[in-house]
Amino acid sequence: MRGSFQQILFRLELRFKEKIDSSFKRKNFLNLLIYLLTLVVLCGLVILFPYKLYDSDSMAYSYIGQRLAFLPIGEWCAPEWWGHAGHIGLFQDHPPGVLWVTALFVRAGIPGQSAALSANFLYIFLLLYFLYSLISHFGGALMGWGAVWASILTPIFLQYLIRANQELPLAFAIIAGIYGLARSQESWLCKGLFIFSLIFAVFFKGINALILTMTALVYWIVFLRSKRAFFFIIVAHLFALGVVFLFEIWYRTATYGVSFWLRYISLQGGEMQGAGFQPLQKIYNLLWYLARALWFPFPWVFFVIYGLYQTKRKNLQLLRDRFLQFSLISSGLIILFFSFFDRKADRYIFPAYWLLVLSGVWILFRLKPNLKQVLEKRKNLFPLYFAAILILFTLVRIWVHSFHYRFIKF
C-alpha cells in the first residue's frame, strides 16, 4: 500500500514537472517569436520610410555593400570604391566584413540602403543579447535585463540605432568574445564563440580587434589566472591569424598579387600616427575621450562615479567585485590606448561605452538590492516592453536627423 502511494506521488510529481517544462518552453518560444517579429518590424520601418544617411562611413559602406551584392561571391574579398565620393580602385580602408553582411541582406531581397540599416538592427540585437548574457552570468537574469534597459536608454544607443558602420558589430564581437571566454571552461561551444568573435572583430574592424585581445587579457588576470586558459587565448589568436593568412591568399588571388593586409596596416598606421610624442597633446586626448565617456553612457556612468564615492565614504567593498574590476579596468584601458593617437573620434572607444554601462548597472544593483524585486514583478512583460521601446525609438530616429545626437564639440 505504501509503495503504491509513493508511485502515485512520483507520477504526480513527474506530470507537474512536465507541465512546468512545457510552460517554460512555450514561454521561451513566444519570447523568441516576439524578438524575431520586432527585428522584422524594424527592418520594415527603414524600408517603408525614407531615411537618408549623412555620416560618411555609413554612406560608403552601404553603397559599396550594395554594389558588392551583384558580384560573384568569389570576388567579395576585394570590393572597390566604384566611384563613391570620387574614389576609385580597391577599397582597402578596412576589412570587408561589414560589406559582406550588407551584400547578403541585399541578396535576401532587402532594397537599397535599407539592407545596411537592417543589418545594423541585427548587430543591435546580438549586442543586447550578449550584454544580457555576460552580466547575467555573474549577477543573474534580472541584472541582465537591467543591463538591456540601461543600454537602450543611453545617448550612444540612440545615435547608433540607425547606422551602417562597424562600431556596433565590433562591440558585439567584444562582448560576445568575453562571454565566450567567461564560459570557455564549460564547453567547446563557448571556446568556439571566443574564436569566432575574435575573427569577426578582425574582419569588421581590422586592428581594432586588439580591443578584444586587451579585454581578454584583463579577464584572464582578474578571473582565470591559469596556464590552461592563457594557452587557449594564445591558440585562439593563432587560429585567427591563420584565417587572416587564408584571406590574404584569397585576396591576392582575386587581385592578381595585390596585398590587402600590408596596404591596410600601412594606411591605418599612417593615419593614426601623430607628429611625435607630445605629452600635452596626449593629456588633451585623454580628457577629450573622458568627456565622451561621461556623455555617451549617460546616465549610468554616473552610478560608477557615485559608487566609487560611496566606497570611499562608507568603506564599501564594491571594488572587490571581480566583474566590476574587469569592466572598469577594460574600459579604462580602451580609453587610455586611444589617447596615445592624435587622430580622434567618438567611435574609437565605442566598446568602452558599453563596459561603462555594465559597470553602472552592476553598482546600481549592489547599492539598491531591492531593484531586483521591482523588476521581478514585471519580468514577464519585458519582451513586449522591449519590442515597443525599440519600435518607438526607431520611428523617432527616422524622423530626427542623426546629427542631432552629436552634442559634444570642442
# chains A, B, ... in the order shown; residues from 1 in each chain; ligands from 1
>>> residues_around(residues="A:Leu390", least_positions_apart="2", cutoff="12 Å", atoms="only C-alpha atoms", output="VMD selection string")
chain A and resid 34 to 35 37 to 43 45 121 124 to 125 128 148 to 149 151 to 153 157 to 158 161 to 162 383 to 388 392 to 397
>>> select_by_dssp(residues="stretch 176-369 of chain A", states="helix (DSSP H, G or I)", output="ChimeraX atom specification")
/A:176-182,188-224,227-255,260-272,279-295,301-314,318-320,322-339,346-367
>>> closest_residue(among="A:Leu90, A:Leu117, A:Ala108, A:Ala236", to="A:Ser62", atoms="only C-alpha atoms")
A:Leu117
>>> atom_distance(atom1="atom CA of A:Tyr284", atom2="atom CA of A:Val301")
20.8 Å
>>> atom_distance(atom1="atom CA of A:Ile389", atom2="atom CA of A:Gly44")
15.9 Å
>>> closest_residue(among="A:Phe91, A:Val222, A:Val46, A:Leu127", to="A:Arg263", atoms="only C-alpha atoms")
A:Phe91
>>> residues_around(residues="A:Ser339", least_positions_apart="2", cutoff="6 Å", atoms="only C-alpha atoms", output="list of chain:residue names")
A:Lys282, A:Asn285, A:Leu286, A:Leu336, A:Phe337, A:Phe341
>>> atom_distance(atom1="atom CA of A:Val202", atom2="atom CA of A:Val218")
19.1 Å
>>> closest_residue(among="A:Arg378, A:Arg366, A:Arg107, A:Arg183", to="A:Ser133", atoms="only C-alpha atoms")
A:Arg183
>>> closest_residue(among="A:Leu189, A:Leu217, A:Ile73, A:Met59", to="A:Leu333", atoms="only C-alpha atoms")
A:Leu217
>>> residues_around(residues="A:Met214", least_positions_apart="2", cutoff="12 Å", atoms="only C-alpha atoms", output="VMD selection string")
chain A and resid 174 177 to 178 198 207 to 212 216 to 221 233 326 to 327 329 to 337 351 to 352
>>> write_last_selection(atoms="N, CA and C atoms", output="CSV table (one decimal), in the first residue's frame")
chain,number,residue,atom,x,y,z
A,174,ILE,N,33.2,42.1,-29.2
A,174,ILE,CA,34.0,42.2,-27.9
A,174,ILE,C,33.2,41.6,-26.8
A,177,GLY,N,32.8,37.9,-27.3
A,177,GLY,CA,34.0,37.2,-27.1
A,177,GLY,C,34.3,37.0,-25.6
A,178,ILE,N,34.1,38.0,-24.8
A,178,ILE,CA,34.3,37.9,-23.3
A,178,ILE,C,33.4,37.0,-22.7
A,198,LEU,N,36.7,36.7,-32.2
A,198,LEU,CA,38.0,37.3,-32.5
A,198,LEU,C,38.1,37.5,-34.0
A,207,ILE,N,42.5,46.2,-37.1
A,207,ILE,CA,43.4,46.2,-36.0
A,207,ILE,C,42.7,46.6,-34.7
A,208,ASN,N,41.5,47.1,-34.8
A,208,ASN,CA,40.8,47.4,-33.5
A,208,ASN,C,40.3,46.1,-32.8
A,209,ALA,N,40.5,45.0,-33.5
A,209,ALA,CA,40.3,43.7,-32.8
A,209,ALA,C,41.2,43.5,-31.6
A,210,LEU,N,42.3,44.3,-31.6
A,210,LEU,CA,43.2,44.3,-30.4
A,210,LEU,C,42.4,44.7,-29.1
A,211,ILE,N,41.3,45.3,-29.2
A,211,ILE,CA,40.4,45.6,-28.1
A,211,ILE,C,40.0,44.3,-27.4
A,212,LEU,N,39.6,43.3,-28.2
A,212,LEU,CA,39.2,42.1,-27.7
A,212,LEU,C,40.4,41.4,-27.0
A,216,ALA,N,40.4,40.5,-23.2
A,216,ALA,CA,40.6,39.1,-22.8
A,216,ALA,C,41.7,38.9,-21.8
A,217,LEU,N,42.8,39.6,-22.0
A,217,LEU,CA,43.9,39.5,-21.1
A,217,LEU,C,43.5,40.1,-19.7
A,218,VAL,N,42.7,41.1,-19.7
A,218,VAL,CA,42.2,41.7,-18.4
A,218,VAL,C,41.4,40.6,-17.7
A,219,TYR,N,40.5,40.0,-18.5
A,219,TYR,CA,39.6,39.0,-17.9
A,219,TYR,C,40.4,37.8,-17.3
A,220,TRP,N,41.5,37.4,-18.1
A,220,TRP,CA,42.3,36.3,-17.6
A,220,TRP,C,43.0,36.7,-16.3
A,221,ILE,N,43.5,37.9,-16.2
A,221,ILE,CA,44.2,38.4,-15.0
A,221,ILE,C,43.2,38.5,-13.8
A,233,ILE,N,43.8,31.2,-25.0
A,233,ILE,CA,43.7,32.5,-25.6
A,233,ILE,C,44.8,32.6,-26.7
A,326,PHE,N,36.9,44.0,-13.7
A,326,PHE,CA,37.1,43.7,-15.1
A,326,PHE,C,36.6,44.8,-16.0
A,327,SER,N,35.3,45.2,-15.8
A,327,SER,CA,34.7,46.2,-16.7
A,327,SER,C,35.3,47.5,-16.6
A,329,ILE,N,38.5,48.3,-15.5
A,329,ILE,CA,39.9,48.2,-16.0
A,329,ILE,C,39.9,48.2,-17.5
A,330,SER,N,39.0,47.4,-18.1
A,330,SER,CA,38.9,47.2,-19.5
A,330,SER,C,38.5,48.5,-20.2
A,331,SER,N,37.5,49.2,-19.7
A,331,SER,CA,37.1,50.5,-20.3
A,331,SER,C,38.1,51.5,-20.2
A,332,GLY,N,38.8,51.5,-19.0
A,332,GLY,CA,39.9,52.5,-18.8
A,332,GLY,C,41.1,52.2,-19.8
A,333,LEU,N,41.4,51.0,-20.0
A,333,LEU,CA,42.5,50.6,-20.9
A,333,LEU,C,42.2,51.1,-22.4
A,334,ILE,N,40.9,50.9,-22.8
A,334,ILE,CA,40.5,51.3,-24.1
A,334,ILE,C,40.6,52.8,-24.3
A,335,ILE,N,40.2,53.5,-23.3
A,335,ILE,CA,40.3,55.0,-23.4
A,335,ILE,C,41.7,55.4,-23.4
A,336,LEU,N,42.6,54.8,-22.5
A,336,LEU,CA,44.0,55.2,-22.4
A,336,LEU,C,44.7,54.8,-23.7
A,337,PHE,N,44.4,53.7,-24.3
A,337,PHE,CA,45.1,53.2,-25.5
A,337,PHE,C,44.9,54.2,-26.7
A,351,PRO,N,33.5,50.4,-27.7
A,351,PRO,CA,33.2,49.3,-26.7
A,351,PRO,C,33.3,49.7,-25.3
A,352,ALA,N,34.1,50.8,-25.0
A,352,ALA,CA,34.3,51.3,-23.6
A,352,ALA,C,32.9,51.8,-23.1
>>> residues_around(residues="A:Gly192", least_positions_apart="6", cutoff="12 Å", atoms="only C-alpha atoms", output="JSON, numbers by chain")
{"A": [176, 177, 178, 179, 180, 181, 183, 184, 185, 186, 198, 199, 200, 232, 233, 235, 236, 237, 239, 240]}
>>> write_last_selection(atoms="C-alpha atoms", output="mmCIF file, in the first residue's frame")
data_model
loop_
_atom_site.group_PDB
_atom_site.id
_atom_site.type_symbol
_atom_site.label_atom_id
_atom_site.label_comp_id
_atom_site.auth_asym_id
_atom_site.auth_seq_id
_atom_site.Cartn_x
_atom_site.Cartn_y
_atom_site.Cartn_z
ATOM 1 C CA ALA A 176 30.333 38.064 -27.146
ATOM 2 C CA GLY A 177 34.028 37.185 -27.060
ATOM 3 C CA ILE A 178 34.323 37.945 -23.350
ATOM 4 C CA TYR A 179 31.161 35.948 -22.651
ATOM 5 C CA GLY A 180 32.617 33.030 -24.593
ATOM 6 C CA LEU A 181 35.867 33.312 -22.649
ATOM 7 C CA ARG A 183 32.343 30.171 -20.085
ATOM 8 C CA SER A 184 35.172 28.640 -22.105
ATOM 9 C CA GLN A 185 35.906 26.085 -19.403
ATOM 10 C CA GLU A 186 32.347 24.757 -19.660
ATOM 11 C CA LEU A 198 37.988 37.321 -32.500
ATOM 12 C CA ILE A 199 37.816 36.516 -36.229
ATOM 13 C CA PHE A 200 34.607 38.532 -36.560
ATOM 14 C CA PHE A 232 43.626 28.746 -25.017
ATOM 15 C CA ILE A 233 43.739 32.526 -25.587
ATOM 16 C CA VAL A 235 45.726 29.263 -29.556
ATOM 17 C CA ALA A 236 42.598 31.282 -30.408
ATOM 18 C CA HIS A 237 44.749 34.151 -31.654
ATOM 19 C CA PHE A 239 43.774 30.339 -35.253
ATOM 20 C CA ALA A 240 42.559 33.855 -36.086
#
>>> closest_residue(among="A:Cys190, A:Leu358, A:Leu53, A:Ala103", to="A:Phe298", atoms="only C-alpha atoms")
A:Leu358
>>> closest_residue(among="A:Gln166, A:Phe196, A:Leu224, A:Pro279", to="A:Phe350", atoms="only C-alpha atoms")
A:Gln166
>>> residues_around(residues="A:Ile64", least_positions_apart="6", cutoff="12 Å", atoms="only C-alpha atoms", output="PyMOL selection string")
chain A and resi 57-58+70-71+76+78-85+87-92+96-103+106+112-113+115-116+164-165
>>> write_last_selection(atoms="N, CA and C atoms", output="compact mmCIF listing (two decimals), in the first residue's frame")
# COMPACT_ATOMS: atom_id res chain seq x y z
N ASP A 57 30.97 57.32 -43.19
CA ASP A 57 31.25 55.89 -43.10
C ASP A 57 30.03 55.07 -43.52
N SER A 58 28.87 55.42 -42.97
CA SER A 58 27.65 54.68 -43.29
C SER A 58 27.32 54.76 -44.78
N PHE A 70 26.04 42.18 -56.17
CA PHE A 70 25.78 41.73 -57.53
C PHE A 70 27.01 41.10 -58.20
N LEU A 71 28.08 40.92 -57.40
CA LEU A 71 29.26 40.22 -57.90
C LEU A 71 29.25 38.78 -57.42
N TRP A 76 34.12 38.67 -53.57
CA TRP A 76 33.75 39.52 -52.44
C TRP A 76 34.92 39.92 -51.56
N ALA A 78 37.55 41.42 -52.48
CA ALA A 78 38.22 42.63 -52.98
C ALA A 78 37.22 43.64 -53.54
N PRO A 79 36.41 44.24 -52.67
CA PRO A 79 35.47 45.26 -53.15
C PRO A 79 36.21 46.51 -53.63
N GLU A 80 35.56 47.29 -54.44
CA GLU A 80 36.13 48.54 -54.92
C GLU A 80 35.30 49.71 -54.40
N TRP A 81 35.84 50.93 -54.64
CA TRP A 81 35.10 52.14 -54.26
C TRP A 81 33.95 52.40 -55.24
N TRP A 82 34.13 52.00 -56.48
CA TRP A 82 33.13 52.18 -57.52
C TRP A 82 32.64 53.62 -57.63
N GLY A 83 33.58 54.55 -57.47
CA GLY A 83 33.27 55.96 -57.68
C GLY A 83 32.62 56.67 -56.52
N HIS A 84 32.42 55.99 -55.39
CA HIS A 84 31.78 56.66 -54.26
C HIS A 84 32.64 57.81 -53.76
N ALA A 85 32.03 58.99 -53.62
CA ALA A 85 32.71 60.20 -53.15
C ALA A 85 33.96 60.52 -53.97
N HIS A 87 36.12 58.36 -55.18
CA HIS A 87 37.21 57.40 -55.02
C HIS A 87 37.10 56.30 -56.08
N ILE A 88 38.25 55.84 -56.52
CA ILE A 88 38.30 54.72 -57.45
C ILE A 88 39.32 53.69 -56.96
N GLY A 89 39.29 52.51 -57.53
CA GLY A 89 40.24 51.47 -57.16
C GLY A 89 39.71 50.60 -56.03
N LEU A 90 40.58 49.76 -55.50
CA LEU A 90 40.21 48.82 -54.44
C LEU A 90 39.91 49.54 -53.13
N PHE A 91 38.91 49.03 -52.43
CA PHE A 91 38.58 49.55 -51.10
C PHE A 91 39.44 48.79 -50.09
N GLN A 92 40.43 49.47 -49.52
CA GLN A 92 41.35 48.82 -48.58
C GLN A 92 41.44 49.56 -47.25
N PRO A 96 36.53 43.73 -45.28
CA PRO A 96 35.21 43.85 -45.89
C PRO A 96 34.05 43.20 -45.15
N GLY A 97 34.23 42.82 -43.88
CA GLY A 97 33.19 42.09 -43.17
C GLY A 97 31.84 42.78 -43.17
N VAL A 98 31.83 44.09 -42.85
CA VAL A 98 30.57 44.82 -42.79
C VAL A 98 29.91 44.89 -44.17
N LEU A 99 30.72 44.88 -45.22
CA LEU A 99 30.19 44.91 -46.59
C LEU A 99 29.55 43.58 -46.95
N TRP A 100 30.13 42.49 -46.46
CA TRP A 100 29.59 41.16 -46.75
C TRP A 100 28.17 41.00 -46.20
N VAL A 101 27.95 41.46 -44.97
CA VAL A 101 26.63 41.30 -44.37
C VAL A 101 25.60 42.14 -45.13
N THR A 102 25.98 43.36 -45.49
CA THR A 102 25.08 44.19 -46.29
C THR A 102 24.74 43.52 -47.61
N ALA A 103 25.76 42.96 -48.26
CA ALA A 103 25.54 42.29 -49.55
C ALA A 103 24.61 41.08 -49.39
N VAL A 106 21.11 42.34 -49.15
CA VAL A 106 20.63 42.72 -50.48
C VAL A 106 20.19 41.49 -51.25
N GLY A 112 18.15 48.57 -51.57
CA GLY A 112 18.95 49.77 -51.36
C GLY A 112 19.67 49.83 -50.04
N GLN A 113 19.76 51.06 -49.51
CA GLN A 113 20.49 51.25 -48.26
C GLN A 113 19.76 50.65 -47.07
N ALA A 115 19.22 47.68 -46.68
CA ALA A 115 19.93 46.44 -46.37
C ALA A 115 20.96 46.67 -45.28
N ALA A 116 21.75 47.75 -45.42
CA ALA A 116 22.77 48.05 -44.41
C ALA A 116 22.13 48.44 -43.09
N ALA A 164 25.15 52.44 -40.50
CA ALA A 164 25.58 51.35 -41.40
C ALA A 164 27.09 51.16 -41.30
N ASN A 165 27.65 51.39 -40.12
CA ASN A 165 29.11 51.28 -39.99
C ASN A 165 29.51 50.13 -39.08
